[in-house]
Amino acid sequence: MKLPPLNAIKVFEAAARNGSFVAAAAELGVSPAAVSMQIRKLEAFLGKDLFIRGNNSIVMTDAGQLIYPRMAQALTEISQTTERILDYDIRSSVVISTLQSVSDRWLVPNVADFANRHPTLGIEIRIDNDPVDFAKDRIDLRVTLGDRFYPGLSSVHLFHDEVTPICAPDFLAQGQAGNMLMDIPDARFVRIEWGGSYASYPTWSDWFKKAGHKRALDPRVGIRVGGAGIAAAVALRGGGIMLGSRRLLAQELRAGSLIAPFDVALAMPQPYHAVLPPGISGIKDLSRALRDLLFGLGESSRGIAR
């Protein structure tokens, strides 16, 4: 692998960004002559002029404009990775980012064992929407639906979820579930507004079609909520019937505070993933702890309460 001198790249990036050798020199704490020398060194390595030099100005050539954004991005990634490594020397907690419903219904109940196995390592759980900035927010692990927001990053498949009608036990007349479904007023169907990024999530129309029911809900009525957690709260209080996850609501289904009265279920469009930021594998202690956590989460993902 043939690489240009790193110091020359750093000087070139500063000169290109500032549009001046003098300004770059002031930023780097060196003389303008030293900046010019490093630029010449890089130009000699590449065999191309990177700047058109005037009396008091510089203008990037086509070659300079071609390599500048790539080299700037490379330096940014080197800086961010270095900061992460140095940061882990003084940090004593793992930062996990996830969705509200995943945190409340699945992640939090499953981190107790991890905390017991790592008594000196704290756990910080953050609620974020996709996509997250791993470097800026210093996130060690992102648990979310799918990995399409994070191309090129390492991810671990956790589980593939499905949704089915879920409600409180007394919401449907006992023994009348099959008949009562068609008699439920449109106003009692809970509909989750997933947002544009999740437009392919299952809907009641999808479920009715798969179940063989010819019914179309009035879009003007019904209970609309901004997330699965709110929908579950409505269902628990007998306020309506939701399309919910047997996995995320496993505790309530086992306890009998919620029921899943129908066998028909719809698969979520993507499985849940744990996404890891770049550079994490080089941090031995943290990498080992995260592998331990992921193994525990994977074990907890086997089997769905019915």
# chains A, B, ... in the order shown; residues from 1 in each chain; ligands from 1
>>> select_by_dssp(residues="stretch 17-151 of chain A", states="strand (DSSP E)", output="count of residues only")
23
>>> residues_around(residues="stretch 261-268 of chain A", least_positions_apart="2", cutoff="9 Å", atoms="only C-alpha atoms", output="MDAnalysis selection string")
chainID A and resid 145 160:167 169 172 177:178 200:202 206:207 210:211 243 259 270:271
>>> residues_around(residues="A:Asp218", least_positions_apart="6", cutoff="10 Å", atoms="only C-alpha atoms", output="PyMOL selection string")
chain A and resi 185-187
>>> write_last_selection(atoms="C-alpha atoms", output="PDB file, in the first residue's frame")
ATOM      1  CA  PRO A 185     -65.747   0.478  15.776  1.00  0.00           C
ATOM      2  CA  ASP A 186     -63.088   2.108  13.621  1.00  0.00           C
ATOM      3  CA  ALA A 187     -62.482   4.546  16.461  1.00  0.00           C
TER       4      ALA A 187
END
>>> atom_distance(atom1="atom CA of A:Asp49", atom2="atom CA of A:Gly64")
7.5 Å
>>> closest_atom_pairs(of="stretch 93-160 of chain A", to="stretch 226-231 of chain A", cutoff="10 Å", atoms="only C-alpha atoms", output="JSON lines")
{"residue": "A:Leu99", "atom": "CA", "partner": "A:Gly227", "partner_atom": "CA", "distance": 9.4}
{"residue": "A:Gln100", "atom": "CA", "partner": "A:Gly229", "partner_atom": "CA", "distance": 7.0}
{"residue": "A:Ser101", "atom": "CA", "partner": "A:Gly229", "partner_atom": "CA", "distance": 5.0}
{"residue": "A:Val102", "atom": "CA", "partner": "A:Gly229", "partner_atom": "CA", "distance": 8.6}
{"residue": "A:Ser103", "atom": "CA", "partner": "A:Gly229", "partner_atom": "CA", "distance": 9.6}
{"residue": "A:Asp104", "atom": "CA", "partner": "A:Gly229", "partner_atom": "CA", "distance": 7.6}
{"residue": "A:Arg105", "atom": "CA", "partner": "A:Gly229", "partner_atom": "CA", "distance": 8.0}
>>> write_last_selection(atoms="N, CA and C atoms", output="CSV table (one decimal), in the first residue's frame")
chain,number,residue,atom,x,y,z
A,99,LEU,N,-34.5,2.5,20.2
A,99,LEU,CA,-35.8,3.2,20.1
A,99,LEU,C,-36.5,3.0,21.4
A,100,GLN,N,-37.5,3.9,21.7
A,100,GLN,CA,-38.2,3.9,22.9
A,100,GLN,C,-38.9,2.6,23.2
A,101,SER,N,-39.6,2.0,22.3
A,101,SER,CA,-40.3,0.8,22.5
A,101,SER,C,-39.3,-0.4,22.8
A,102,VAL,N,-38.2,-0.4,22.1
A,102,VAL,CA,-37.2,-1.4,22.3
A,102,VAL,C,-36.6,-1.3,23.7
A,103,SER,N,-36.3,-0.1,24.1
A,103,SER,CA,-35.8,0.1,25.4
A,103,SER,C,-36.7,-0.3,26.5
A,104,ASP,N,-37.9,0.1,26.5
A,104,ASP,CA,-38.9,-0.1,27.5
A,104,ASP,C,-39.3,-1.6,27.6
A,105,ARG,N,-39.5,-2.2,26.4
A,105,ARG,CA,-40.1,-3.5,26.4
A,105,ARG,C,-39.1,-4.7,26.2
>>> atom_distance(atom1="atom CA of A:Ile139", atom2="atom CA of A:Val95")
5.2 Å
>>> residues_around(residues="stretch 39-42 of chain A", least_positions_apart="6", cutoff="8 Å", atoms="only C-alpha atoms", output="PyMOL selection string")
chain A and resi 4-5+8-9+11-12+50
>>> atom_distance(atom1="atom CA of A:Ile58", atom2="atom CA of A:Lys2")
27.7 Å
>>> decode(residues="stretch 122-144 of chain A", atoms="N, CA and C atoms", output="PDB file, in the first residue's frame")
ATOM      1  N   GLY A 122     -20.528   0.763  33.855  1.00  0.00           N
ATOM      2  CA  GLY A 122     -21.878   1.308  33.857  1.00  0.00           C
ATOM      3  C   GLY A 122     -22.564   1.141  32.512  1.00  0.00           C
ATOM      4  N   ILE A 123     -23.867   1.288  32.507  1.00  0.00           N
ATOM      5  CA  ILE A 123     -24.659   1.186  31.280  1.00  0.00           C
ATOM      6  C   ILE A 123     -25.500   2.444  31.149  1.00  0.00           C
ATOM      7  N   GLU A 124     -25.365   3.126  30.038  1.00  0.00           N
ATOM      8  CA  GLU A 124     -26.182   4.306  29.749  1.00  0.00           C
ATOM      9  C   GLU A 124     -27.042   4.000  28.532  1.00  0.00           C
ATOM     10  N   ILE A 125     -28.356   4.089  28.686  1.00  0.00           N
ATOM     11  CA  ILE A 125     -29.282   3.808  27.585  1.00  0.00           C
ATOM     12  C   ILE A 125     -29.887   5.122  27.114  1.00  0.00           C
ATOM     13  N   ARG A 126     -29.765   5.389  25.830  1.00  0.00           N
ATOM     14  CA  ARG A 126     -30.293   6.617  25.241  1.00  0.00           C
ATOM     15  C   ARG A 126     -31.387   6.285  24.229  1.00  0.00           C
ATOM     16  N   ILE A 127     -32.363   7.167  24.150  1.00  0.00           N
ATOM     17  CA  ILE A 127     -33.452   7.004  23.193  1.00  0.00           C
ATOM     18  C   ILE A 127     -33.207   7.950  22.024  1.00  0.00           C
ATOM     19  N   ASP A 128     -33.037   7.389  20.831  1.00  0.00           N
ATOM     20  CA  ASP A 128     -32.760   8.189  19.639  1.00  0.00           C
ATOM     21  C   ASP A 128     -33.516   7.622  18.450  1.00  0.00           C
ATOM     22  N   ASN A 129     -33.806   8.503  17.490  1.00  0.00           N
ATOM     23  CA  ASN A 129     -34.320   8.061  16.201  1.00  0.00           C
ATOM     24  C   ASN A 129     -33.152   7.852  15.244  1.00  0.00           C
ATOM     25  N   ASP A 130     -33.373   7.047  14.220  1.00  0.00           N
ATOM     26  CA  ASP A 130     -32.343   6.819  13.208  1.00  0.00           C
ATOM     27  C   ASP A 130     -32.282   7.977  12.226  1.00  0.00           C
ATOM     28  N   PRO A 131     -31.085   8.251  11.700  1.00  0.00           N
ATOM     29  CA  PRO A 131     -29.800   7.643  12.045  1.00  0.00           C
ATOM     30  C   PRO A 131     -29.136   8.392  13.192  1.00  0.00           C
ATOM     31  N   VAL A 132     -28.251   7.711  13.908  1.00  0.00           N
ATOM     32  CA  VAL A 132     -27.495   8.352  14.985  1.00  0.00           C
ATOM     33  C   VAL A 132     -26.071   8.621  14.510  1.00  0.00           C
ATOM     34  N   ASP A 133     -25.402   9.552  15.181  1.00  0.00           N
ATOM     35  CA  ASP A 133     -24.005   9.868  14.892  1.00  0.00           C
ATOM     36  C   ASP A 133     -23.155   9.230  15.993  1.00  0.00           C
ATOM     37  N   PHE A 134     -22.557   8.090  15.687  1.00  0.00           N
ATOM     38  CA  PHE A 134     -21.802   7.348  16.699  1.00  0.00           C
ATOM     39  C   PHE A 134     -20.672   8.174  17.293  1.00  0.00           C
ATOM     40  N   ALA A 135     -19.924   8.862  16.430  1.00  0.00           N
ATOM     41  CA  ALA A 135     -18.755   9.605  16.907  1.00  0.00           C
ATOM     42  C   ALA A 135     -19.163  10.819  17.730  1.00  0.00           C
ATOM     43  N   LYS A 136     -20.083  11.608  17.208  1.00  0.00           N
ATOM     44  CA  LYS A 136     -20.487  12.837  17.893  1.00  0.00           C
ATOM     45  C   LYS A 136     -21.116  12.545  19.247  1.00  0.00           C
ATOM     46  N   ASP A 137     -21.987  11.538  19.297  1.00  0.00           N
ATOM     47  CA  ASP A 137     -22.710  11.229  20.530  1.00  0.00           C
ATOM     48  C   ASP A 137     -22.037  10.140  21.364  1.00  0.00           C
ATOM     49  N   ARG A 138     -20.874   9.660  20.904  1.00  0.00           N
ATOM     50  CA  ARG A 138     -20.091   8.658  21.633  1.00  0.00           C
ATOM     51  C   ARG A 138     -20.937   7.438  21.983  1.00  0.00           C
ATOM     52  N   ILE A 139     -21.577   6.900  20.969  1.00  0.00           N
ATOM     53  CA  ILE A 139     -22.437   5.728  21.127  1.00  0.00           C
ATOM     54  C   ILE A 139     -21.624   4.468  20.837  1.00  0.00           C
ATOM     55  N   ASP A 140     -21.748   3.470  21.720  1.00  0.00           N
ATOM     56  CA  ASP A 140     -21.011   2.218  21.563  1.00  0.00           C
ATOM     57  C   ASP A 140     -21.819   1.149  20.850  1.00  0.00           C
ATOM     58  N   LEU A 141     -23.141   1.248  20.924  1.00  0.00           N
ATOM     59  CA  LEU A 141     -23.994   0.209  20.354  1.00  0.00           C
ATOM     60  C   LEU A 141     -25.348   0.812  20.018  1.00  0.00           C
ATOM     61  N   ARG A 142     -25.859   0.508  18.849  1.00  0.00           N
ATOM     62  CA  ARG A 142     -27.178   0.970  18.431  1.00  0.00           C
ATOM     63  C   ARG A 142     -28.055  -0.248  18.167  1.00  0.00           C
ATOM     64  N   VAL A 143     -29.148  -0.375  18.906  1.00  0.00           N
ATOM     65  CA  VAL A 143     -30.112  -1.450  18.690  1.00  0.00           C
ATOM     66  C   VAL A 143     -31.324  -0.840  18.007  1.00  0.00           C
ATOM     67  N   THR A 144     -31.613  -1.289  16.790  1.00  0.00           N
ATOM     68  CA  THR A 144     -32.680  -0.672  16.021  1.00  0.00           C
ATOM     69  C   THR A 144     -33.245  -1.657  15.008  1.00  0.00           C
TER      70      THR A 144
END
